[in-house]
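Heads up, model.cif below (mmCIF, C-alpha atoms):
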```cif
data_run
loop_
_atom_site.label_atom_id
_atom_site.label_comp_id
_atom_site.auth_asym_id
_atom_site.auth_seq_id
_atom_site.Cartn_x
_atom_site.Cartn_y
_atom_site.Cartn_z
CA MET A 1 -12.26 38.00 -80.77
CA ASN A 2 -9.91 37.86 -77.79
CA LYS A 3 -6.65 35.95 -78.31
CA ALA A 4 -7.21 33.76 -75.22
CA LEU A 5 -10.66 32.72 -76.46
CA THR A 6 -9.28 32.05 -79.95
CA ASN A 7 -6.59 29.82 -78.46
CA LYS A 8 -9.17 27.86 -76.46
CA ILE A 9 -11.33 27.30 -79.54
CA LEU A 10 -8.29 26.21 -81.58
CA ILE A 11 -7.19 23.83 -78.80
CA THR A 12 -10.69 22.32 -78.70
CA LEU A 13 -10.76 21.86 -82.48
CA ALA A 14 -7.26 20.35 -82.46
CA PHE A 15 -8.20 17.74 -79.84
CA LEU A 16 -11.45 16.90 -81.69
CA PHE A 17 -9.43 16.51 -84.90
CA ALA A 18 -7.09 14.12 -83.07
CA TYR A 19 -10.15 12.18 -81.90
CA ARG A 20 -11.38 11.82 -85.49
CA ILE A 21 -7.94 10.61 -86.64
CA LEU A 22 -7.96 7.91 -83.94
CA ALA A 23 -11.29 6.69 -85.33
CA TYR A 24 -9.44 5.56 -88.47
CA VAL A 25 -6.72 3.57 -86.64
CA PRO A 26 -7.87 -0.09 -86.67
CA VAL A 27 -6.95 -2.77 -84.18
CA PRO A 28 -4.11 -4.90 -85.65
CA GLY A 29 -5.03 -8.30 -87.07
CA VAL A 30 -8.61 -7.57 -88.15
CA ASN A 31 -10.26 -7.61 -91.58
CA VAL A 32 -11.89 -4.17 -91.69
CA ASP A 33 -14.04 -4.95 -94.75
CA VAL A 34 -15.73 -7.86 -92.98
CA ILE A 35 -16.44 -5.72 -89.92
CA LYS A 36 -17.87 -2.90 -92.03
CA ASP A 37 -20.18 -5.25 -93.93
CA PHE A 38 -21.35 -6.70 -90.63
CA PHE A 39 -22.24 -3.27 -89.22
CA ASN A 40 -23.94 -2.23 -92.46
CA SER A 41 -26.22 -5.26 -92.16
CA ASN A 42 -26.96 -4.45 -88.50
CA SER A 43 -27.50 -0.69 -88.79
CA SER A 44 -31.02 -0.87 -87.32
CA ASN A 45 -30.21 -2.66 -84.05
CA ALA A 46 -28.03 -2.06 -80.99
CA LEU A 47 -24.88 -2.24 -83.09
CA GLY A 48 -26.11 0.63 -85.27
CA LEU A 49 -26.74 2.79 -82.20
CA PHE A 50 -23.37 1.83 -80.74
CA ASN A 51 -21.67 2.64 -84.05
CA MET A 52 -23.37 6.06 -84.16
CA PHE A 53 -22.17 7.05 -80.67
CA SER A 54 -18.63 5.91 -81.50
CA GLY A 55 -18.49 8.16 -84.55
CA LYS A 56 -18.39 5.20 -87.00
CA ALA A 57 -15.24 3.95 -85.23
CA ALA A 58 -16.90 0.63 -84.35
CA GLU A 59 -17.42 -0.40 -88.00
CA ARG A 60 -13.66 0.05 -88.54
CA LEU A 61 -12.88 -1.70 -85.23
CA SER A 62 -10.76 1.31 -84.36
CA ILE A 63 -8.72 1.48 -81.18
CA ILE A 64 -11.44 3.88 -79.94
CA SER A 65 -14.33 1.70 -81.12
CA LEU A 66 -15.63 1.43 -77.55
CA GLY A 67 -15.82 5.22 -77.49
CA ILE A 68 -16.13 7.16 -74.26
CA MET A 69 -18.96 4.92 -73.00
CA PRO A 70 -16.77 2.90 -70.55
CA TYR A 71 -15.85 6.17 -68.82
CA ILE A 72 -19.49 7.23 -68.69
CA THR A 73 -20.51 3.83 -67.32
CA ALA A 74 -17.84 4.11 -64.61
CA SER A 75 -19.09 7.62 -63.77
CA ILE A 76 -22.66 6.31 -63.44
CA ILE A 77 -21.54 3.58 -61.04
CA MET A 78 -19.58 6.08 -58.92
CA GLU A 79 -22.48 8.55 -58.82
CA LEU A 80 -24.81 5.78 -57.63
CA LEU A 81 -22.29 4.70 -54.98
CA ALA A 82 -21.79 8.33 -53.86
CA ALA A 83 -25.54 8.70 -53.43
CA THR A 84 -25.63 5.49 -51.37
CA PHE A 85 -22.53 5.88 -49.17
CA PRO A 86 -22.14 9.23 -47.30
CA ASN A 87 -18.35 8.83 -46.92
CA LEU A 88 -17.91 8.62 -50.66
CA ALA A 89 -20.16 11.66 -51.16
CA LYS A 90 -18.08 13.59 -48.61
CA LEU A 91 -14.91 12.55 -50.44
CA LYS A 92 -16.36 13.97 -53.66
CA LYS A 93 -16.97 17.40 -52.11
CA GLU A 94 -13.40 17.86 -50.85
CA ARG A 95 -10.70 19.23 -53.15
CA ASP A 96 -8.16 16.50 -52.41
CA GLY A 97 -10.93 13.93 -52.18
CA MET A 98 -12.21 14.84 -55.63
CA GLN A 99 -8.86 13.84 -57.12
CA LYS A 100 -9.13 10.43 -55.44
CA TYR A 101 -12.75 10.17 -56.62
CA MET A 102 -11.74 10.81 -60.24
CA GLN A 103 -8.86 8.35 -59.89
CA ILE A 104 -11.31 5.64 -58.84
CA ILE A 105 -13.43 6.42 -61.93
CA ARG A 106 -10.34 6.02 -64.12
CA TYR A 107 -9.51 2.64 -62.59
CA ALA A 108 -13.12 1.51 -63.03
CA THR A 109 -12.96 2.68 -66.66
CA ILE A 110 -9.91 0.45 -67.21
CA VAL A 111 -11.75 -2.62 -65.85
CA ILE A 112 -14.92 -1.96 -67.88
CA THR A 113 -12.91 -1.32 -71.06
CA ILE A 114 -10.97 -4.57 -70.71
CA VAL A 115 -14.18 -6.57 -70.12
CA GLN A 116 -15.90 -5.00 -73.14
CA ALA A 117 -12.80 -5.38 -75.35
CA ILE A 118 -12.53 -9.10 -74.53
CA GLY A 119 -16.26 -9.53 -75.17
CA VAL A 120 -15.99 -7.85 -78.58
CA SER A 121 -12.89 -9.88 -79.49
CA VAL A 122 -14.51 -13.21 -78.62
CA GLY A 123 -17.64 -12.21 -80.53
CA LEU A 124 -15.61 -11.58 -83.69
CA GLN A 125 -14.23 -15.12 -83.60
CA SER A 126 -17.26 -16.58 -85.40
CA LEU A 127 -17.76 -13.63 -87.75
CA ASN A 128 -17.23 -14.37 -91.45
CA GLY A 129 -17.59 -12.23 -94.55
CA GLN A 130 -19.90 -12.79 -97.53
CA ASN A 131 -17.21 -14.79 -99.34
CA GLY A 132 -16.26 -16.82 -96.28
CA GLU A 133 -13.26 -14.72 -95.22
CA GLN A 134 -12.73 -14.48 -91.47
CA ALA A 135 -12.83 -11.23 -89.50
CA ILE A 136 -9.73 -12.22 -87.48
CA MET A 137 -6.59 -12.82 -89.53
CA ILE A 138 -4.21 -13.84 -86.71
CA ASP A 139 -4.18 -16.30 -83.80
CA MET A 140 -7.26 -15.77 -81.65
CA ASN A 141 -5.53 -15.64 -78.27
CA LEU A 142 -2.98 -13.18 -79.61
CA PHE A 143 -5.76 -11.06 -81.11
CA ILE A 144 -7.67 -10.90 -77.80
CA ALA A 145 -4.53 -9.63 -76.04
CA ILE A 146 -3.77 -7.09 -78.78
CA ALA A 147 -7.38 -5.91 -79.02
CA ALA A 148 -7.72 -5.49 -75.25
CA ALA A 149 -4.48 -3.48 -75.07
CA SER A 150 -5.35 -1.40 -78.16
CA MET A 151 -8.90 -0.55 -77.09
CA LEU A 152 -7.77 0.22 -73.55
CA THR A 153 -5.17 2.62 -74.93
CA GLY A 154 -7.76 4.22 -77.20
CA THR A 155 -10.30 4.70 -74.41
CA MET A 156 -7.65 6.18 -72.12
CA LEU A 157 -6.63 8.57 -74.89
CA LEU A 158 -10.27 9.62 -75.32
CA MET A 159 -10.62 10.16 -71.59
CA TRP A 160 -7.45 12.27 -71.59
CA ILE A 161 -8.64 14.28 -74.62
CA GLY A 162 -11.96 14.97 -72.88
CA GLU A 163 -10.23 16.19 -69.72
CA GLN A 164 -7.85 18.39 -71.74
CA ILE A 165 -10.75 20.00 -73.62
CA THR A 166 -12.55 20.72 -70.33
CA GLN A 167 -9.46 22.23 -68.70
CA ARG A 168 -7.82 24.04 -71.61
CA GLY A 169 -10.54 24.40 -74.23
CA ILE A 170 -14.18 25.48 -74.45
CA GLY A 171 -17.05 23.31 -73.22
CA ASN A 172 -17.37 19.92 -71.60
CA GLY A 173 -14.84 17.58 -73.18
CA ILE A 174 -16.78 14.33 -72.79
CA SER A 175 -19.96 15.86 -74.24
CA LEU A 176 -18.04 17.38 -77.15
CA ILE A 177 -16.49 13.99 -78.00
CA ILE A 178 -19.96 12.43 -78.19
CA PHE A 179 -21.13 15.49 -80.15
CA ALA A 180 -18.28 15.13 -82.66
CA GLY A 181 -18.95 11.41 -83.07
CA ILE A 182 -22.65 11.96 -83.87
CA VAL A 183 -22.03 14.94 -86.19
CA SER A 184 -19.36 13.01 -88.12
CA GLY A 185 -22.05 10.56 -89.23
CA ILE A 186 -24.39 13.22 -90.67
CA PRO A 187 -22.81 13.35 -94.20
CA SER A 188 -22.99 9.56 -94.62
CA ALA A 189 -26.58 9.56 -93.27
CA ILE A 190 -27.58 12.18 -95.84
CA SER A 191 -25.92 10.32 -98.70
CA GLY A 192 -27.47 7.03 -97.53
CA THR A 193 -30.93 8.63 -97.47
CA ILE A 194 -30.41 10.00 -101.01
CA ASN A 195 -29.45 6.51 -102.20
CA LEU A 196 -32.58 5.03 -100.62
CA VAL A 197 -34.72 7.61 -102.42
CA ASN A 198 -32.94 6.99 -105.74
CA THR A 199 -33.39 3.23 -105.48
CA GLY A 200 -37.05 3.60 -104.54
CA GLU A 201 -36.65 2.00 -101.08
CA MET A 202 -37.76 5.24 -99.45
CA ASN A 203 -40.47 7.73 -100.43
CA PHE A 204 -39.44 11.36 -100.96
CA LEU A 205 -42.39 12.46 -98.83
CA ALA A 206 -40.94 10.40 -95.98
CA VAL A 207 -37.69 12.37 -96.29
CA ILE A 208 -39.62 15.63 -96.04
CA GLY A 209 -41.48 14.25 -93.03
CA ILE A 210 -38.19 13.30 -91.30
CA PHE A 211 -36.77 16.75 -92.04
CA LEU A 212 -39.83 18.42 -90.49
CA ILE A 213 -39.61 16.14 -87.43
CA VAL A 214 -35.93 17.05 -86.97
CA LEU A 215 -36.70 20.79 -87.27
CA LEU A 216 -39.58 20.50 -84.79
CA THR A 217 -37.41 18.51 -82.39
CA ILE A 218 -34.63 21.11 -82.57
CA GLY A 219 -37.11 23.94 -81.96
CA ILE A 220 -38.59 22.23 -78.89
CA ILE A 221 -35.13 21.47 -77.50
CA ILE A 222 -33.96 25.08 -77.87
CA PHE A 223 -37.20 26.42 -76.35
CA VAL A 224 -37.03 24.15 -73.28
CA GLU A 225 -33.25 24.35 -72.76
CA MET A 226 -33.38 28.16 -72.72
CA GLY A 227 -36.30 28.20 -70.28
CA GLU A 228 -35.80 28.79 -66.56
CA ARG A 229 -37.76 29.59 -63.41
CA ARG A 230 -36.48 32.68 -61.60
CA ILE A 231 -37.12 32.74 -57.85
CA PRO A 232 -36.89 36.32 -56.49
CA ILE A 233 -34.36 37.04 -53.73
CA SER A 234 -34.26 39.98 -51.32
CA TYR A 235 -31.24 41.13 -49.31
CA SER A 236 -31.05 43.03 -46.06
CA ARG A 237 -30.24 46.76 -46.28
CA LYS A 238 -26.87 46.16 -44.62
CA VAL A 239 -25.83 43.67 -47.32
CA VAL A 240 -26.99 45.99 -50.10
CA MET A 241 -25.00 48.93 -48.66
CA GLN A 242 -21.88 46.81 -48.28
CA ASN A 243 -22.10 45.66 -51.88
CA GLN A 244 -23.43 48.84 -53.49
CA ASN A 245 -20.55 48.83 -55.99
CA LYS A 246 -21.09 45.16 -56.86
CA ARG A 247 -23.89 43.50 -58.76
CA ILE A 248 -26.01 41.30 -56.49
CA MET A 249 -28.19 38.74 -58.30
CA ASN A 250 -31.75 39.24 -57.08
CA TYR A 251 -33.07 35.89 -58.24
CA ILE A 252 -32.16 32.19 -58.30
CA PRO A 253 -32.37 30.81 -61.87
CA ILE A 254 -33.59 27.20 -62.02
CA LYS A 255 -33.56 25.59 -65.45
CA VAL A 256 -36.62 23.70 -66.64
CA ASN A 257 -34.31 20.83 -67.55
CA LEU A 258 -32.08 20.68 -64.47
CA SER A 259 -30.26 17.50 -65.46
CA GLY A 260 -29.27 18.64 -68.96
CA VAL A 261 -28.22 16.06 -71.53
CA ILE A 262 -26.76 13.62 -68.99
CA PRO A 263 -29.85 11.33 -68.54
CA PRO A 264 -30.08 10.31 -72.24
CA ILE A 265 -26.32 9.70 -72.35
CA PHE A 266 -26.46 7.63 -69.16
CA ALA A 267 -29.51 5.69 -70.39
CA SER A 268 -27.80 4.91 -73.71
CA ALA A 269 -24.62 3.80 -71.94
CA ILE A 270 -26.54 1.49 -69.60
CA LEU A 271 -28.56 -0.11 -72.41
CA MET A 272 -25.61 -0.52 -74.77
CA PHE A 273 -23.28 -2.05 -72.16
CA PRO A 274 -25.08 -5.46 -71.95
CA SER A 275 -25.48 -5.49 -75.76
CA THR A 276 -21.73 -5.16 -76.18
CA ILE A 277 -21.12 -8.09 -73.82
CA MET A 278 -23.94 -10.34 -75.07
CA GLN A 279 -22.96 -10.14 -78.73
CA ALA A 280 -20.00 -12.41 -77.91
CA SER A 281 -22.30 -15.22 -76.77
CA THR A 282 -23.70 -17.97 -79.00
CA ASN A 283 -26.26 -19.07 -76.41
CA SER A 284 -29.79 -18.90 -77.80
CA TYR A 285 -31.24 -17.33 -74.64
CA VAL A 286 -28.56 -14.64 -74.55
CA GLN A 287 -29.12 -13.93 -78.23
CA ALA A 288 -32.85 -13.64 -77.56
CA VAL A 289 -32.17 -10.99 -74.92
CA TYR A 290 -29.75 -9.28 -77.32
CA ASP A 291 -32.47 -9.12 -79.98
CA PHE A 292 -34.91 -7.96 -77.30
CA LEU A 293 -32.70 -4.88 -76.72
CA ASN A 294 -32.83 -3.87 -80.37
CA PRO A 295 -32.97 -0.01 -80.56
CA ASN A 296 -35.48 -0.35 -83.40
CA SER A 297 -38.04 -1.90 -81.05
CA TYR A 298 -40.69 -0.50 -78.75
CA VAL A 299 -39.21 -2.33 -75.75
CA PHE A 300 -35.84 -0.61 -76.10
CA ASN A 301 -37.42 2.84 -76.40
CA PHE A 302 -39.72 2.16 -73.44
CA LEU A 303 -36.71 1.16 -71.34
CA THR A 304 -34.91 4.28 -72.58
CA PHE A 305 -37.85 6.40 -71.41
CA LEU A 306 -37.82 4.79 -67.93
CA PHE A 307 -34.03 5.11 -67.53
CA ILE A 308 -34.18 8.75 -68.58
CA LEU A 309 -36.84 9.46 -65.95
CA PHE A 310 -34.70 7.80 -63.27
CA PHE A 311 -31.46 9.55 -64.21
CA ALA A 312 -33.22 12.92 -64.60
CA TYR A 313 -34.34 12.83 -60.96
CA PHE A 314 -31.09 11.28 -59.79
CA TYR A 315 -28.79 13.78 -61.51
CA ALA A 316 -30.99 16.79 -60.68
CA SER A 317 -30.79 15.89 -56.98
CA ILE A 318 -26.99 15.91 -57.23
CA THR A 319 -26.52 19.10 -59.26
CA PHE A 320 -29.16 21.17 -57.43
CA ASN A 321 -28.55 20.81 -53.69
CA THR A 322 -31.30 22.84 -52.05
CA LYS A 323 -29.77 22.53 -48.56
CA ASP A 324 -26.46 24.06 -49.64
CA ILE A 325 -28.23 26.83 -51.58
CA SER A 326 -30.40 27.78 -48.60
CA GLU A 327 -27.40 27.82 -46.24
CA ASN A 328 -25.35 29.97 -48.61
CA LEU A 329 -28.30 32.31 -49.08
CA LYS A 330 -28.76 32.67 -45.32
CA ARG A 331 -25.04 33.29 -44.84
CA GLN A 332 -25.13 36.10 -47.42
CA GLY A 333 -28.11 37.81 -45.80
CA GLY A 334 -30.55 36.91 -48.55
CA PHE A 335 -34.02 35.39 -48.35
CA ILE A 336 -36.98 34.48 -50.52
CA PRO A 337 -39.91 36.88 -49.84
CA GLY A 338 -42.56 35.11 -47.78
CA VAL A 339 -40.31 32.14 -46.92
CA ARG A 340 -38.29 31.79 -43.72
CA PRO A 341 -34.51 31.31 -44.16
CA GLY A 342 -32.99 27.89 -43.47
CA GLU A 343 -35.01 24.68 -43.67
CA ASN A 344 -38.16 26.38 -44.98
CA THR A 345 -36.17 27.86 -47.88
CA ALA A 346 -34.64 24.46 -48.64
CA HIS A 347 -38.10 22.85 -48.56
CA TYR A 348 -39.53 25.54 -50.87
CA LEU A 349 -36.65 25.20 -53.34
CA ASN A 350 -37.00 21.41 -53.25
CA GLU A 351 -40.69 21.65 -54.16
CA VAL A 352 -39.97 23.99 -57.08
CA ALA A 353 -37.08 21.81 -58.28
CA SER A 354 -39.21 18.64 -58.03
CA ARG A 355 -41.95 20.12 -60.22
CA LEU A 356 -39.42 21.34 -62.78
CA THR A 357 -37.58 18.00 -62.72
CA PHE A 358 -40.82 16.16 -63.45
CA SER A 359 -41.49 18.39 -66.47
CA GLY A 360 -37.86 18.15 -67.58
CA ALA A 361 -37.81 14.35 -67.23
CA ILE A 362 -40.99 13.92 -69.30
CA TYR A 363 -39.55 16.31 -71.90
CA LEU A 364 -36.27 14.36 -72.11
CA GLY A 365 -38.07 11.03 -72.34
CA LEU A 366 -40.43 12.17 -75.10
CA ILE A 367 -37.70 13.93 -77.09
CA SER A 368 -35.55 10.79 -76.95
CA THR A 369 -38.29 8.35 -78.00
CA LEU A 370 -41.19 10.14 -79.74
CA PRO A 371 -39.27 11.04 -82.97
CA TRP A 372 -38.41 7.33 -83.35
CA VAL A 373 -42.10 6.40 -83.01
CA LEU A 374 -43.12 8.95 -85.68
CA VAL A 375 -40.38 7.81 -88.07
CA LYS A 376 -41.31 4.17 -87.37
CA PHE A 377 -44.85 4.80 -88.61
CA MET A 378 -43.37 6.22 -91.83
CA GLY A 379 -41.69 2.88 -92.53
CA VAL A 380 -38.15 4.26 -92.55
CA PRO A 381 -35.69 1.33 -92.89
CA PHE A 382 -33.04 2.71 -90.51
CA TYR A 383 -32.78 3.73 -86.88
CA PHE A 384 -33.53 7.34 -85.99
CA GLY A 385 -34.00 8.62 -82.47
CA GLY A 386 -34.25 11.98 -80.79
CA THR A 387 -31.37 11.22 -78.41
CA SER A 388 -28.74 12.11 -81.00
CA VAL A 389 -30.54 15.35 -81.92
CA LEU A 390 -30.92 16.22 -78.23
CA ILE A 391 -27.23 15.66 -77.55
CA VAL A 392 -26.09 17.67 -80.58
CA VAL A 393 -28.37 20.67 -79.91
CA SER A 394 -27.81 20.70 -76.13
CA VAL A 395 -24.02 20.47 -76.41
CA ALA A 396 -24.03 23.18 -79.09
CA LEU A 397 -26.11 25.48 -76.85
CA ASP A 398 -23.88 24.81 -73.84
CA THR A 399 -20.73 25.54 -75.86
CA MET A 400 -22.23 28.78 -77.19
CA ARG A 401 -23.08 29.86 -73.63
CA ARG A 402 -19.50 29.19 -72.52
CA ILE A 403 -18.09 31.16 -75.45
CA GLU A 404 -20.41 34.10 -74.67
CA ALA A 405 -19.43 33.94 -70.98
CA GLN A 406 -15.75 33.99 -71.98
CA ILE A 407 -16.34 37.02 -74.25
CA TYR A 408 -18.14 38.95 -71.48
CA MET A 409 -15.44 38.07 -68.98
CA ASN A 410 -12.76 39.38 -71.34
CA LYS A 411 -14.72 42.62 -71.79
CA TYR A 412 -14.91 43.16 -68.02
CA GLN A 413 -11.20 42.45 -67.65
CA THR A 414 -10.44 45.00 -70.41
CA LEU A 415 -12.60 47.66 -68.77
CA SER A 416 -10.97 46.97 -65.40
CA ALA A 417 -7.49 47.24 -66.93
CA VAL A 418 -8.17 50.69 -68.45
CA GLY A 419 -9.76 51.96 -65.24
CA LEU A 420 -13.38 52.27 -66.37
#
```
Target format structure tokens, applied to this file:
Amino acid sequence: MNKALTNKILITLAFLFAYRILAYVPVPGVNVDVIKDFFNSNSSNALGLFNMFSGKAAERLSIISLGIMPYITASIIMELLAATFPNLAKLKKERDGMQKYMQIIRYATIVITIVQAIGVSVGLQSLNGQNGEQAIMIDMNLFIAIAAASMLTGTMLLMWIGEQITQRGIGNGISLIIFAGIVSGIPSAISGTINLVNTGEMNFLAVIGIFLIVLLTIGIIIFVEMGERRIPISYSRKVVMQNQNKRIMNYIPIKVNLSGVIPPIFASAILMFPSTIMQASTNSYVQAVYDFLNPNSYVFNFLTFLFILFFAYFYASITFNTKDISENLKRQGGFIPGVRPGENTAHYLNEVASRLTFSGAIYLGLISTLPWVLVKFMGVPFYFGGTSVLIVVSVALDTMRRIEAQIYMNKYQTLSAVGL
């Protein structure tokens, strides 16, 4: 393996290791045992889902217990604003403007993190342990200030780690942080399942059924994520002669799932954000809404399905700009056989992308919700959804593609250096 690639992999692993260490650094002034017991008793609702995405940092009330979700929520807001206001979309496309765009996201992340941290802190005020011990061991006002500062620092560190992985490591940093958080909970999930079987709370056949569902889900994800529609491209003779020593791609690859793993992540972030805020309230109506958004309910999974459909179309329209592709194709002297260059090409590509986006959106929605429905019928006493499996498999596939691309690039550079 090339030394540069080895260094990138080691840098990525080092930053992920630092992320896992931060998950064990609690906010000062909190009784960790009380918090852990509280999350153990709420493992099947929104808190269980939130704890899973944070890599079990929430049950320790770590400084990174809010995870990377505030950053993702800020990114969602900015993407929606960019799609609404043309000036902001233009700012995003420019090199200098992109820096300002990312800076706005960081500032929005700070605001969202502070709001969520205060909400969590106030919610812990009335939390008591089984023996009556309080979750907060210091003055409440002081704890709110310390918790807000600690969680803000932790979220900023996570954001910085994600950006460093993207720039200096392998893969998308934000996705890998979520990936690491979910994977870190697999050993405890396995041991918890074994305990349920040993105590008789769960049938062994149900475990086999869950295992088969996970394998089937992984197989479907790999099959769809590797699938693509290839639109043939022809080039004029002049272009071919000018680039006879270069490889010209003679097709446009369009993935079946154009939006990738972003829609489930966005949907989870949107649905968990109000839950984080509402848990601080003692109002009966707010608590009713909080219970209504329980991840172990049909309502939550139906809303997840709808949000995934929306974000699949929304994100696909951003990542696959048919107008830009058609203009670049026309500028390079290429055309789709039987389709006029320019607007007709853009219209044709838009039709193909729309059909694929529809299939991809339905696939994402079913993968994220259908495994939960099947497990629900088995009477499993804990939350299990396909979103976590989708994120883990998709991020793993994307990272493998990036590693392969880096290996091939190093091979070409070696051949070029020796004159072959």
When the PyMOL selection byres ((chain A and resi 164) around 12) is applied to the file above, which residues end up in the set, as an mmCIF file with C-alpha atoms, keeping the file's coordinate frame?
```
data_model
loop_
_atom_site.group_PDB
_atom_site.id
_atom_site.type_symbol
_atom_site.label_atom_id
_atom_site.label_comp_id
_atom_site.auth_asym_id
_atom_site.auth_seq_id
_atom_site.Cartn_x
_atom_site.Cartn_y
_atom_site.Cartn_z
ATOM 1 C CA LYS A 8 -9.170 27.860 -76.460
ATOM 2 C CA ILE A 11 -7.190 23.830 -78.800
ATOM 3 C CA THR A 12 -10.690 22.320 -78.700
ATOM 4 C CA LEU A 13 -10.760 21.860 -82.480
ATOM 5 C CA ALA A 14 -7.260 20.350 -82.460
ATOM 6 C CA PHE A 15 -8.200 17.740 -79.840
ATOM 7 C CA LEU A 16 -11.450 16.900 -81.690
ATOM 8 C CA LEU A 157 -6.630 8.570 -74.890
ATOM 9 C CA LEU A 158 -10.270 9.620 -75.320
ATOM 10 C CA MET A 159 -10.620 10.160 -71.590
ATOM 11 C CA TRP A 160 -7.450 12.270 -71.590
ATOM 12 C CA ILE A 161 -8.640 14.280 -74.620
ATOM 13 C CA GLY A 162 -11.960 14.970 -72.880
ATOM 14 C CA GLU A 163 -10.230 16.190 -69.720
ATOM 15 C CA ILE A 165 -10.750 20.000 -73.620
ATOM 16 C CA THR A 166 -12.550 20.720 -70.330
ATOM 17 C CA GLN A 167 -9.460 22.230 -68.700
ATOM 18 C CA ARG A 168 -7.820 24.040 -71.610
ATOM 19 C CA GLY A 169 -10.540 24.400 -74.230
ATOM 20 C CA ILE A 170 -14.180 25.480 -74.450
ATOM 21 C CA GLY A 171 -17.050 23.310 -73.220
ATOM 22 C CA ASN A 172 -17.370 19.920 -71.600
ATOM 23 C CA GLY A 173 -14.840 17.580 -73.180
ATOM 24 C CA ILE A 174 -16.780 14.330 -72.790
ATOM 25 C CA LEU A 176 -18.040 17.380 -77.150
ATOM 26 C CA ILE A 177 -16.490 13.990 -78.000
#
```
Please provide as a PDB file with C-alpha atoms, in the frame of the given file all residues within 8 Å of Ile222 (chain A), with the sequence filter that same-chain residues fewer than 5 positions apart are discarded (counting all atoms listed in the file).
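What follows is the written file part-v5.pdb:
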```pdb
ATOM      1  CA  VAL A 393     -28.370  20.670 -79.910  1.00  0.00           C
ATOM      2  CA  SER A 394     -27.810  20.700 -76.130  1.00  0.00           C
ATOM      3  CA  LEU A 397     -26.110  25.480 -76.850  1.00  0.00           C
TER       4      LEU A 397
END
```
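For the choices A:Arg340, A:Arg20, A:Lys323, A:Arg230, the atom-to-atom distance to Ser62 (chain A) is smallest for A:Arg20 when using all atoms listed in the file.
CA of Ile190 (chain A) is found 28.8 Å from CA of Leu127 (chain A).
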Name the closest residue to Ala135 (chain A) among the candidates A:Tyr315, A:Tyr107, A:Phe292, A:Phe38; distances are taken between atoms, counting only C-alpha atoms. A:Phe38
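Picture a line from CA of Thr369 (chain A) to CA of Leu303 (chain A); it runs 9.9 Å.
Our summary of the geometry notes that CA of Met151 (chain A) is positioned 7.1 Å from CA of Ser65 (chain A).
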